[in-house]
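Colleague: Pasting in a structure now, in structure tokens, and then I'll have a few things to ask.
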Amino acid sequence: MLLIAALVRAGDGGPALFKQPRVGRGGKSFRCWKFRTMACNADEALQHLLATDPAAAKEWAESQKLTRDPRITPVGAFLRRSSLDELPQLFNIIAGEMSFVGPRPIVAAERERYGEAFNHCFSVPPGLTGLWQISGRSDCSYATRISLDSQYASEWHLMLDAKILVKTVPAVLMQRGSR
């Protein structure tokens, strides 16, 4: 983790870690940690891009992701493809804010997308990995993501977590759905 932090800082001199308020179990907000993968002015760059590029605005509205995101740094692109940007979330797990397996924590703006399914999906702790990650991540529609989160909350048991953890390894190594 120290090596990754040094690489992130060497890229543009900005901070190695990024913290963002996320929504977890029971709608409770917490600070989710990640290695920073975007330029330091990412929020302003996103607003400018969405205001000037209708295709990007449409893609963002549909998935909260951009296929060609100009905010991502070169080191950040590697960290995202390899999922190493998520490693600092081990501290969230130690703090009891996350689990190894569960729905991915969301930003507050995404909560309304879950509609009536929100309370059910987030009746379990958010996870470092989950059904969405092993089912294609960003290649899935947002509706599919919500369906997978709901399925996880309905079917949760220890063997399901074990199965998801085992399937996470090839999903990460093959970089399925990583952006």
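Starting from 1 in every chain, residues are counted up; chains themselves are A, B, ... following the order of the structure tokens, and ligands are numbered from 1 as listed.
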Would you list the contacts of A:Gly96 as a PyMOL selection string, taking every protein, DNA or RNA residue within 12 Å and counting only C-alpha atoms, but skipping same-chain residues closer than 3 positions in sequence?
Modeller: chain A and resi 24-25+30-32+89-93+99-100+125-127
Colleague: Limited to N, CA, C and O atoms, could you put the picked residues into a file as a CSV table (one decimal), in the first residue's frame?
Modeller:
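So the final result, stored in again_21.csv, reads:
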```csv
chain,number,residue,atom,x,y,z
A,24,GLY,N,-24.1,3.6,3.4
A,24,GLY,CA,-24.0,2.1,3.7
A,24,GLY,C,-25.2,1.6,4.4
A,24,GLY,O,-26.3,2.0,4.1
A,25,ARG,N,-25.0,0.6,5.2
A,25,ARG,CA,-26.0,-0.1,5.9
A,25,ARG,C,-27.0,0.8,6.6
A,25,ARG,O,-26.6,1.7,7.3
A,30,PHE,N,-20.8,7.3,5.8
A,30,PHE,CA,-19.4,7.1,6.3
A,30,PHE,C,-18.4,7.5,5.3
A,30,PHE,O,-18.8,7.7,4.1
A,31,ARG,N,-17.2,7.7,5.7
A,31,ARG,CA,-16.1,8.1,4.8
A,31,ARG,C,-15.5,6.9,4.2
A,31,ARG,O,-14.9,6.1,4.9
A,32,CYS,N,-15.6,6.7,2.9
A,32,CYS,CA,-15.1,5.6,2.2
A,32,CYS,C,-13.7,6.0,1.7
A,32,CYS,O,-13.6,7.0,1.0
A,89,GLN,N,-10.0,0.5,1.5
A,89,GLN,CA,-11.3,0.1,2.2
A,89,GLN,C,-11.2,-1.0,3.2
A,89,GLN,O,-12.1,-1.2,4.0
A,90,LEU,N,-10.0,-1.6,3.3
A,90,LEU,CA,-9.7,-2.5,4.4
A,90,LEU,C,-9.8,-1.8,5.7
A,90,LEU,O,-10.3,-2.4,6.7
A,91,PHE,N,-9.5,-0.5,5.7
A,91,PHE,CA,-9.6,0.3,6.9
A,91,PHE,C,-11.1,0.5,7.3
A,91,PHE,O,-11.5,0.5,8.4
A,92,ASN,N,-11.9,0.7,6.2
A,92,ASN,CA,-13.4,0.8,6.5
A,92,ASN,C,-13.9,-0.5,7.1
A,92,ASN,O,-14.8,-0.5,7.9
A,93,ILE,N,-13.4,-1.7,6.6
A,93,ILE,CA,-13.8,-3.0,7.1
A,93,ILE,C,-13.4,-3.1,8.6
A,93,ILE,O,-14.2,-3.5,9.4
A,99,SER,N,-18.0,-4.5,5.0
A,99,SER,CA,-17.7,-5.9,5.1
A,99,SER,C,-16.9,-6.3,3.8
A,99,SER,O,-16.8,-5.5,2.9
A,100,PHE,N,-16.4,-7.5,3.8
A,100,PHE,CA,-15.7,-8.0,2.6
A,100,PHE,C,-16.6,-8.2,1.5
A,100,PHE,O,-16.3,-7.9,0.3
A,125,PRO,N,-24.4,-4.8,5.4
A,125,PRO,CA,-23.3,-3.9,5.3
A,125,PRO,C,-22.8,-3.8,3.8
A,125,PRO,O,-22.9,-4.8,3.1
A,126,PRO,N,-22.3,-2.7,3.4
A,126,PRO,CA,-21.7,-2.6,2.0
A,126,PRO,C,-20.4,-3.4,2.0
A,126,PRO,O,-19.8,-3.6,3.1
A,127,GLY,N,-20.0,-3.8,0.8
A,127,GLY,CA,-18.9,-4.7,0.7
A,127,GLY,C,-17.8,-4.2,-0.2
A,127,GLY,O,-18.0,-3.4,-1.1
```
Colleague: Report, in Å with one decimal, the straight-line distance from atom CA of A:Pro170 to atom CA of A:Trp156.
Modeller: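 Atom CA of A:Trp156 lies at a distance of 21.4 Å from atom CA of A:Pro170.
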Colleague: Contacts of A:Tyr152 at 12 Å or less, counting only C-alpha atoms, minus same-chain residues fewer than 4 places along, as a list in words?
Modeller: Val101, Gly102, Pro103, Arg104, His120, Cys121, Phe122, Ser123, Val124, Pro125, Pro126, Gly127, Thr129, Gly130, Leu131, Trp132, Gln133, Arg145, Ile146, Ser147, Leu148, Trp156, His157, Leu158, Met159, Leu160, Asp161, Lys163 and Ile164 of chain A
Colleague: Got a sec: who's within 12 Å of A:Met38, counting only C-alpha atoms, leaving out chain neighbours fewer than 3 positions off, as a ChimeraX atom specification?
Modeller: /A:8-9,11-12,14-18,34-35,41-46,69-80,85
Colleague: Export C-alpha atoms of the chosen residues as a CSV table (one decimal), in the first residue's frame?
Modeller:
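The resulting file, part_29.csv, is shown below:
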```csv
chain,number,residue,atom,x,y,z
A,8,VAL,CA,-0.1,8.1,-6.8
A,9,ARG,CA,1.7,11.1,-5.2
A,11,GLY,CA,2.0,11.3,-10.6
A,12,ASP,CA,0.9,14.8,-9.8
A,14,GLY,CA,-1.6,15.4,-4.9
A,15,PRO,CA,-2.7,13.3,-2.0
A,16,ALA,CA,-2.5,9.5,-2.3
A,17,LEU,CA,-5.8,8.8,-0.6
A,18,PHE,CA,-9.3,10.0,-1.5
A,34,LYS,CA,-9.7,4.8,-1.9
A,35,PHE,CA,-6.4,5.5,-3.5
A,41,ASN,CA,-9.7,19.0,-9.9
A,42,ALA,CA,-11.9,16.0,-10.9
A,43,ASP,CA,-15.2,17.5,-9.6
A,44,GLU,CA,-14.8,20.7,-11.7
A,45,ALA,CA,-13.6,18.7,-14.7
A,46,LEU,CA,-16.7,16.4,-14.5
A,69,ASP,CA,-13.1,9.5,-18.4
A,70,PRO,CA,-10.5,12.3,-18.9
A,71,ARG,CA,-10.2,12.8,-15.2
A,72,ILE,CA,-8.4,9.5,-14.6
A,73,THR,CA,-4.7,9.7,-14.2
A,74,PRO,CA,-2.3,7.2,-15.8
A,75,VAL,CA,-1.5,5.6,-12.5
A,76,GLY,CA,-5.2,5.8,-11.6
A,77,ALA,CA,-6.2,3.9,-14.8
A,78,PHE,CA,-3.9,1.0,-13.7
A,79,LEU,CA,-5.2,1.0,-10.2
A,80,ARG,CA,-8.8,0.9,-11.4
A,85,ASP,CA,-7.6,1.5,-5.7
```
Colleague: Pick from A:Leu87, A:Ala171, A:Arg36, A:Ala57: nearest to A:Leu7, with only C-alpha atoms counted?
Modeller: A:Arg36
Colleague: Between A:Gly13, A:Leu84, A:Ser154, A:Leu3, which one has atoms that come closest to A:Cys40, using only C-alpha atoms?
Modeller: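 Going through A:Gly13, A:Leu84, A:Ser154, A:Leu3 one by one, the smallest distance to A:Cys40 is for A:Gly13.
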Colleague: Between atom CA of A:Met98 and atom CA of A:Leu128, what is the distance in Å, rounded to a tenth?
Modeller: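 Atom CA of A:Met98 sits 7.2 Å away from atom CA of A:Leu128.
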Colleague: Of the candidates A:Ile94, A:Ala143, A:Leu2, A:Leu50, which one gets nearest to A:Arg113 if we count only C-alpha atoms?
Modeller: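 Distance minimum relative to A:Arg113 lands on A:Ala143.
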Colleague: What parts of stretch 7-136 of chain A does DSSP call strand (DSSP E)? I'd like the answer as a list in words.
Modeller: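 Filtering stretch 7-136 of chain A down to strand (DSSP E) leaves Leu17, Phe18, Lys19, Gln20, Pro21, Arg22, Val23, Ser29, Phe30, Arg31, Cys32, Trp33, Lys34, Phe35, Ser99, Phe100, Val101, Gly127, Leu128 and Thr129 of chain A.
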Colleague: Restricting the output to C-alpha atoms, write the selected residues as a PDB file, in the first residue's frame.
Modeller:
```pdb
ATOM      1  CA  LEU A  17      -5.820   8.841  -0.588  1.00  0.00           C
ATOM      2  CA  PHE A  18      -9.291   9.994  -1.490  1.00  0.00           C
ATOM      3  CA  LYS A  19     -12.147   9.944   0.963  1.00  0.00           C
ATOM      4  CA  GLN A  20     -15.738  10.403  -0.041  1.00  0.00           C
ATOM      5  CA  PRO A  21     -18.988  10.258   1.904  1.00  0.00           C
ATOM      6  CA  ARG A  22     -20.791   7.052   0.986  1.00  0.00           C
ATOM      7  CA  VAL A  23     -24.061   5.516   2.065  1.00  0.00           C
ATOM      8  CA  SER A  29     -23.147   7.818   5.861  1.00  0.00           C
ATOM      9  CA  PHE A  30     -19.444   7.074   6.332  1.00  0.00           C
ATOM     10  CA  ARG A  31     -16.117   8.126   4.801  1.00  0.00           C
ATOM     11  CA  CYS A  32     -15.075   5.564   2.221  1.00  0.00           C
ATOM     12  CA  TRP A  33     -11.338   5.426   1.500  1.00  0.00           C
ATOM     13  CA  LYS A  34      -9.696   4.754  -1.867  1.00  0.00           C
ATOM     14  CA  PHE A  35      -6.417   5.460  -3.543  1.00  0.00           C
ATOM     15  CA  SER A  99     -17.735  -5.935   5.069  1.00  0.00           C
ATOM     16  CA  PHE A 100     -15.673  -7.978   2.650  1.00  0.00           C
ATOM     17  CA  VAL A 101     -18.852  -8.885   0.715  1.00  0.00           C
ATOM     18  CA  GLY A 127     -18.871  -4.690   0.743  1.00  0.00           C
ATOM     19  CA  LEU A 128     -15.481  -4.501  -0.858  1.00  0.00           C
ATOM     20  CA  THR A 129     -16.819  -6.989  -3.395  1.00  0.00           C
TER      21      THR A 129
END
```
Colleague: What residues in chain A get the DSSP label helix (DSSP H, G or I)? Please answer as an MDAnalysis selection string.
Modeller: chainID A and resid 2:12 25:27 42:52 54:63 74:82 84:86 89:94 108:121 131:134 137:139 142:155 158:173
